[in-house]
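Inspection log for the structure reproduced underneath, given as structure tokens.
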Amino acid sequence: MKAKEIIAIIILCIIFFIPLFLRPVAYPVNGMDSYYFLNYIWGVTNQIPETPPISYLVMSLIPPNLLFIKLLMLLITIVSILTFCKAGEHIKPGYSILIALILLSNLFFNKLLIRFEDDILGLPFIALSIYFMVKYLYKTNKQDKKQLYLSLFFWGVSCLFWKFSVYLIFLYLFWTNFNIETTLISIFTGTIFYKQLWNGLVGNLLIVENSPIVGILVLFIPMLFFLYSKKTNPKYDTIKYALWFSLLLIIINVKFVLLIYPFLAIHYVLTIEKQPETIKIINYIVLIVIFLIATMQNFTAPPNNQYIDLIHVAQSEQKLNPNKEINVSWDFGYLYSWETKQYYPIYGHIQPTIEKGIVIQTNAEPNNCPIIYKNKVGYVEKC
């Protein structure tokens, strides 16, 4: 990549992160699950179950400083996006900015960048793994497997940060056309971790980032027209199984977009020469518009002041009725603990809300008691 392309990509990442730095302390990062990890760092809770070992260690070392955490997230994003773009240069030079725009404008991929979860810690190693896989398949002699082993090594490291990284080996299985290394590792992975793998393949309609089907709705639409066509994709025959496997994973669970979308983005540039000139221009215009819309939405993305208002109303009501305890819907568990700096037993796990005392619930849940306050995200009732 040229220096001006690197600078342009860094600027895009910084622009995208501006809303994150401007969010209030009450809800400093996007995503309800982010507060699961923030609460651990701030000492509200003393454990983060189901978190891979290296992520657990890193979370233990991160200081309770929001500026440090946000700068760390920005740095990880810049390094990862640049690495993906560099991988794309090995496939077709000259389109690194387009790859960056495709990644930063995807309405699910980009949201994972500004949520403080364990997956973002694994992202640089996912990027390095994909980079060396691209280099092995497209730039070096396949008899020299150093690049392949480096790819598999960084894949292994990424799994120590984020449990869903394990699925990347199955993309490699199709991408390498079942070479011996990825086949053996895939068989081993599937045999040892079959229960965990199955759980990840079951989408969850109650959790937006694990929803099935919606992933297909946020793909960059030209990908489906150009990347999945033999007429416009010169490498279609060699990557067709990986392409369709990628699409299947995103449809099953949109969370896989963090693993799959970079693969699609770096290959999309292969189709550029087959696209009419007007379509090429439209590509950039549409991506820039979506990028700007996504950036603006980061100011108000959940959680926002309406979530905090529910908590404050419940606290005010409790002052008037000190004999009544506050009970919180699972959806508000992590945020409630962050705001009050007190551990809450339900704490974000899906289960029926305790219907007694002063209750905070989402609008999707039925109410059984008089509502004392309601807004767009939920309501407070007194039982």
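Letters for chains follow the order of the structure tokens (A, B, ...), residue numbers begin at 1 for each chain, and ligand numbers begin at 1 in the order shown.
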Alpha helix (DSSP H) per DSSP on the backbone: members of range 40-237 of chain A, as a ChimeraX atom specification: /A:40-41,53-61,66-91,96-104,109-113,118-138,146-161,168-175,180-192,194-201,214-217,222,236-237
Write a file of the just-selected residues containing C-alpha atoms, as a tab-separated table (two decimals), in the first residue's frame.
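Wrote it out as result_6.tsv, contents follow:
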```tsv
chain	number	residue	atom	x	y	z
A	40	TYR	CA	-15.20	-6.75	35.55
A	41	ILE	CA	-12.49	-4.17	34.89
A	53	PRO	CA	-8.01	-17.50	28.89
A	54	ILE	CA	-5.91	-14.83	27.17
A	55	SER	CA	-8.83	-12.39	26.96
A	56	TYR	CA	-9.46	-13.01	30.66
A	57	LEU	CA	-5.82	-12.18	31.39
A	58	VAL	CA	-5.84	-9.04	29.24
A	59	MET	CA	-9.08	-7.84	30.84
A	60	SER	CA	-7.43	-8.29	34.24
A	61	LEU	CA	-4.53	-6.07	33.16
A	66	LEU	CA	-12.27	4.82	29.57
A	67	LEU	CA	-9.85	6.89	27.48
A	68	PHE	CA	-7.28	4.10	27.56
A	69	ILE	CA	-9.89	1.51	26.58
A	70	LYS	CA	-11.21	3.58	23.67
A	71	LEU	CA	-7.71	4.32	22.39
A	72	LEU	CA	-6.94	0.61	22.59
A	73	MET	CA	-10.07	-0.19	20.56
A	74	LEU	CA	-9.11	2.43	17.95
A	75	LEU	CA	-5.56	1.10	17.69
A	76	ILE	CA	-6.78	-2.48	17.29
A	77	THR	CA	-9.20	-1.38	14.57
A	78	ILE	CA	-6.56	0.58	12.64
A	79	VAL	CA	-4.06	-2.31	12.77
A	80	SER	CA	-6.70	-4.88	11.80
A	81	ILE	CA	-8.21	-2.89	8.92
A	82	LEU	CA	-4.75	-2.12	7.54
A	83	THR	CA	-3.84	-5.82	7.74
A	84	PHE	CA	-6.99	-6.84	5.86
A	85	CYS	CA	-6.27	-4.18	3.24
A	86	LYS	CA	-2.68	-5.40	2.89
A	87	ALA	CA	-4.05	-8.92	2.34
A	88	GLY	CA	-6.27	-7.53	-0.41
A	89	GLU	CA	-3.22	-6.00	-2.08
A	90	HIS	CA	-1.88	-9.53	-2.58
A	91	ILE	CA	-5.06	-10.41	-4.49
A	96	SER	CA	-7.13	-0.99	-0.28
A	97	ILE	CA	-9.33	2.06	0.41
A	98	LEU	CA	-12.30	0.27	-1.17
A	99	ILE	CA	-11.71	-2.72	1.13
A	100	ALA	CA	-11.54	-0.41	4.16
A	101	LEU	CA	-14.79	1.27	3.15
A	102	ILE	CA	-16.52	-2.09	2.64
A	103	LEU	CA	-15.49	-3.20	6.13
A	104	LEU	CA	-16.20	0.07	7.95
A	109	PHE	CA	-19.03	-5.65	11.17
A	110	ASN	CA	-18.45	-2.02	12.15
A	111	LYS	CA	-20.62	-2.30	15.27
A	112	LEU	CA	-18.36	-5.06	16.57
A	113	LEU	CA	-15.42	-2.65	16.32
A	118	ASP	CA	-13.41	-10.13	23.87
A	119	ASP	CA	-13.86	-10.49	20.11
A	120	ILE	CA	-12.12	-7.18	19.37
A	121	LEU	CA	-9.03	-8.43	21.24
A	122	GLY	CA	-8.86	-11.39	18.87
A	123	LEU	CA	-9.41	-9.31	15.72
A	124	PRO	CA	-5.72	-8.43	15.01
A	125	PHE	CA	-4.82	-12.12	15.10
A	126	ILE	CA	-7.76	-13.00	12.85
A	127	ALA	CA	-6.46	-10.34	10.45
A	128	LEU	CA	-2.91	-11.72	10.57
A	129	SER	CA	-4.19	-15.25	10.02
A	130	ILE	CA	-6.17	-14.20	6.94
A	131	TYR	CA	-3.22	-12.14	5.68
A	132	PHE	CA	-0.83	-15.10	5.76
A	133	MET	CA	-3.47	-17.40	4.27
A	134	VAL	CA	-3.86	-15.00	1.34
A	135	LYS	CA	-0.09	-14.81	0.95
A	136	TYR	CA	0.18	-18.60	0.96
A	137	LEU	CA	-2.59	-19.12	-1.59
A	138	TYR	CA	-1.84	-16.25	-3.97
A	146	LYS	CA	5.69	-21.32	5.98
A	147	GLN	CA	2.89	-18.81	5.27
A	148	LEU	CA	0.25	-21.49	5.84
A	149	TYR	CA	1.72	-22.44	9.21
A	150	LEU	CA	1.90	-18.78	10.22
A	151	SER	CA	-1.77	-18.41	9.27
A	152	LEU	CA	-2.75	-21.43	11.35
A	153	PHE	CA	-0.61	-20.21	14.26
A	154	PHE	CA	-2.33	-16.81	14.39
A	155	TRP	CA	-5.70	-18.55	14.02
A	156	GLY	CA	-4.84	-20.56	17.12
A	157	VAL	CA	-3.87	-17.40	19.00
A	158	SER	CA	-7.15	-15.70	18.02
A	159	CYS	CA	-9.08	-18.64	19.51
A	160	LEU	CA	-7.46	-17.89	22.88
A	161	PHE	CA	-9.02	-14.41	22.72
A	168	LEU	CA	-12.35	-19.71	10.87
A	169	ILE	CA	-10.63	-23.07	10.36
A	170	PHE	CA	-13.71	-24.34	8.51
A	171	LEU	CA	-13.55	-21.39	6.13
A	172	TYR	CA	-9.90	-22.32	5.54
A	173	LEU	CA	-10.97	-25.90	4.90
A	174	PHE	CA	-13.01	-24.76	1.87
A	175	TRP	CA	-10.65	-21.92	0.91
A	180	ILE	CA	-4.12	-31.91	4.48
A	181	GLU	CA	-3.29	-29.38	7.24
A	182	THR	CA	-6.65	-27.64	7.40
A	183	THR	CA	-8.51	-30.93	6.96
A	184	LEU	CA	-6.75	-32.55	9.92
A	185	ILE	CA	-7.20	-29.49	12.14
A	186	SER	CA	-10.88	-29.21	11.15
A	187	ILE	CA	-11.49	-32.85	12.03
A	188	PHE	CA	-9.70	-32.40	15.36
A	189	THR	CA	-11.58	-29.17	16.13
A	190	GLY	CA	-14.95	-30.64	15.22
A	191	THR	CA	-14.31	-33.76	17.30
A	192	ILE	CA	-13.08	-32.03	20.45
A	194	TYR	CA	-18.47	-30.24	18.79
A	195	LYS	CA	-20.78	-29.07	21.60
A	196	GLN	CA	-19.41	-25.52	21.59
A	197	LEU	CA	-19.46	-25.44	17.79
A	198	TRP	CA	-23.07	-26.51	17.69
A	199	ASN	CA	-24.07	-23.83	20.22
A	200	GLY	CA	-22.53	-21.15	18.01
A	201	LEU	CA	-24.39	-22.43	14.97
A	214	VAL	CA	-30.43	-10.65	9.15
A	215	GLY	CA	-26.78	-11.02	8.15
A	216	ILE	CA	-27.78	-11.41	4.53
A	217	LEU	CA	-29.64	-8.11	4.72
A	222	PRO	CA	-23.03	-5.86	-5.17
A	236	TYR	CA	-14.83	-18.19	-8.62
A	237	ASP	CA	-13.99	-21.82	-9.37
```
Shell of 12 Å around range 350-361 of chain A, only C-alpha atoms, local chain residues under 5 positions omitted, as a ChimeraX atom specification: /A:204-207,307-336,344-345,366-383
Non-local contacts of Lys240 in chain A (10 Å; only C-alpha atoms; under 2 positions in same chain excluded) as a PyMOL selection string: chain A and resi 174-175+177+227-230+233+235-238+242-246
Gap from CA of Ala26 in chain A to CA of Val257 in chain A - Å, one decimal: 28.5 Å
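Within the 9 Å cut-off around Tyr35 in chain A, using only C-alpha atoms and omitting residues fewer than 4 positions from it on the same chain, the listed residues are Tyr27, Val29, Gly31, Asn39, Tyr40, Phe116, Glu117, Tyr334, Leu335, Ser337 and Trp338 of chain A.
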Could the residues in this selection be saved with C-alpha atoms as an mmCIF file, in the first residue's frame?
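Below is the file that was written, selection-v2.cif:
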```cif
data_model
loop_
_atom_site.group_PDB
_atom_site.id
_atom_site.type_symbol
_atom_site.label_atom_id
_atom_site.label_comp_id
_atom_site.auth_asym_id
_atom_site.auth_seq_id
_atom_site.Cartn_x
_atom_site.Cartn_y
_atom_site.Cartn_z
ATOM 1 C CA TYR A 27 -22.996 4.703 28.538
ATOM 2 C CA VAL A 29 -19.433 2.261 24.571
ATOM 3 C CA GLY A 31 -23.597 -2.742 22.952
ATOM 4 C CA ASN A 39 -18.001 -4.234 35.061
ATOM 5 C CA TYR A 40 -15.204 -6.753 35.554
ATOM 6 C CA PHE A 116 -15.798 -3.522 24.035
ATOM 7 C CA GLU A 117 -15.941 -7.310 24.047
ATOM 8 C CA TYR A 334 -25.047 -5.452 32.639
ATOM 9 C CA LEU A 335 -25.945 -1.788 32.153
ATOM 10 C CA SER A 337 -24.689 -2.932 37.263
ATOM 11 C CA TRP A 338 -22.492 -0.413 35.412
#
```
A:Thr45, A:Ser165, A:Asn141, A:Asn298 ranked by distance to Ile114 in chain A, top pick (using only C-alpha atoms):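 Between A:Thr45, A:Ser165, A:Asn141, A:Asn298, the residue approaching Ile114 in chain A most closely is A:Asn298.
Across the structure, CA of Asn30 in chain A and CA of Gln297 in chain A are spaced 10.5 Å apart.
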Which residue of A:Val44, A:Ile221, A:Pro19, A:Val269 approaches Gly94 in chain A most closely, using only C-alpha atoms: A:Val269
Counting only C-alpha atoms, the residue of A:Val286, A:Tyr343, A:Met32, A:Ile18 that sits nearest Pro303 in chain A: A:Met32
Coordinates-based distance that separates CA of Val254 in chain A from CA of Phe291 in chain A (Å, one decimal):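 Going from CA of Phe291 in chain A over to CA of Val254 in chain A covers 19.0 Å.
The closest residue to Ala265 in chain A, picked from A:Ile239, A:Leu249, A:Ile9, A:Met223 and counting only C-alpha atoms, is A:Met223.
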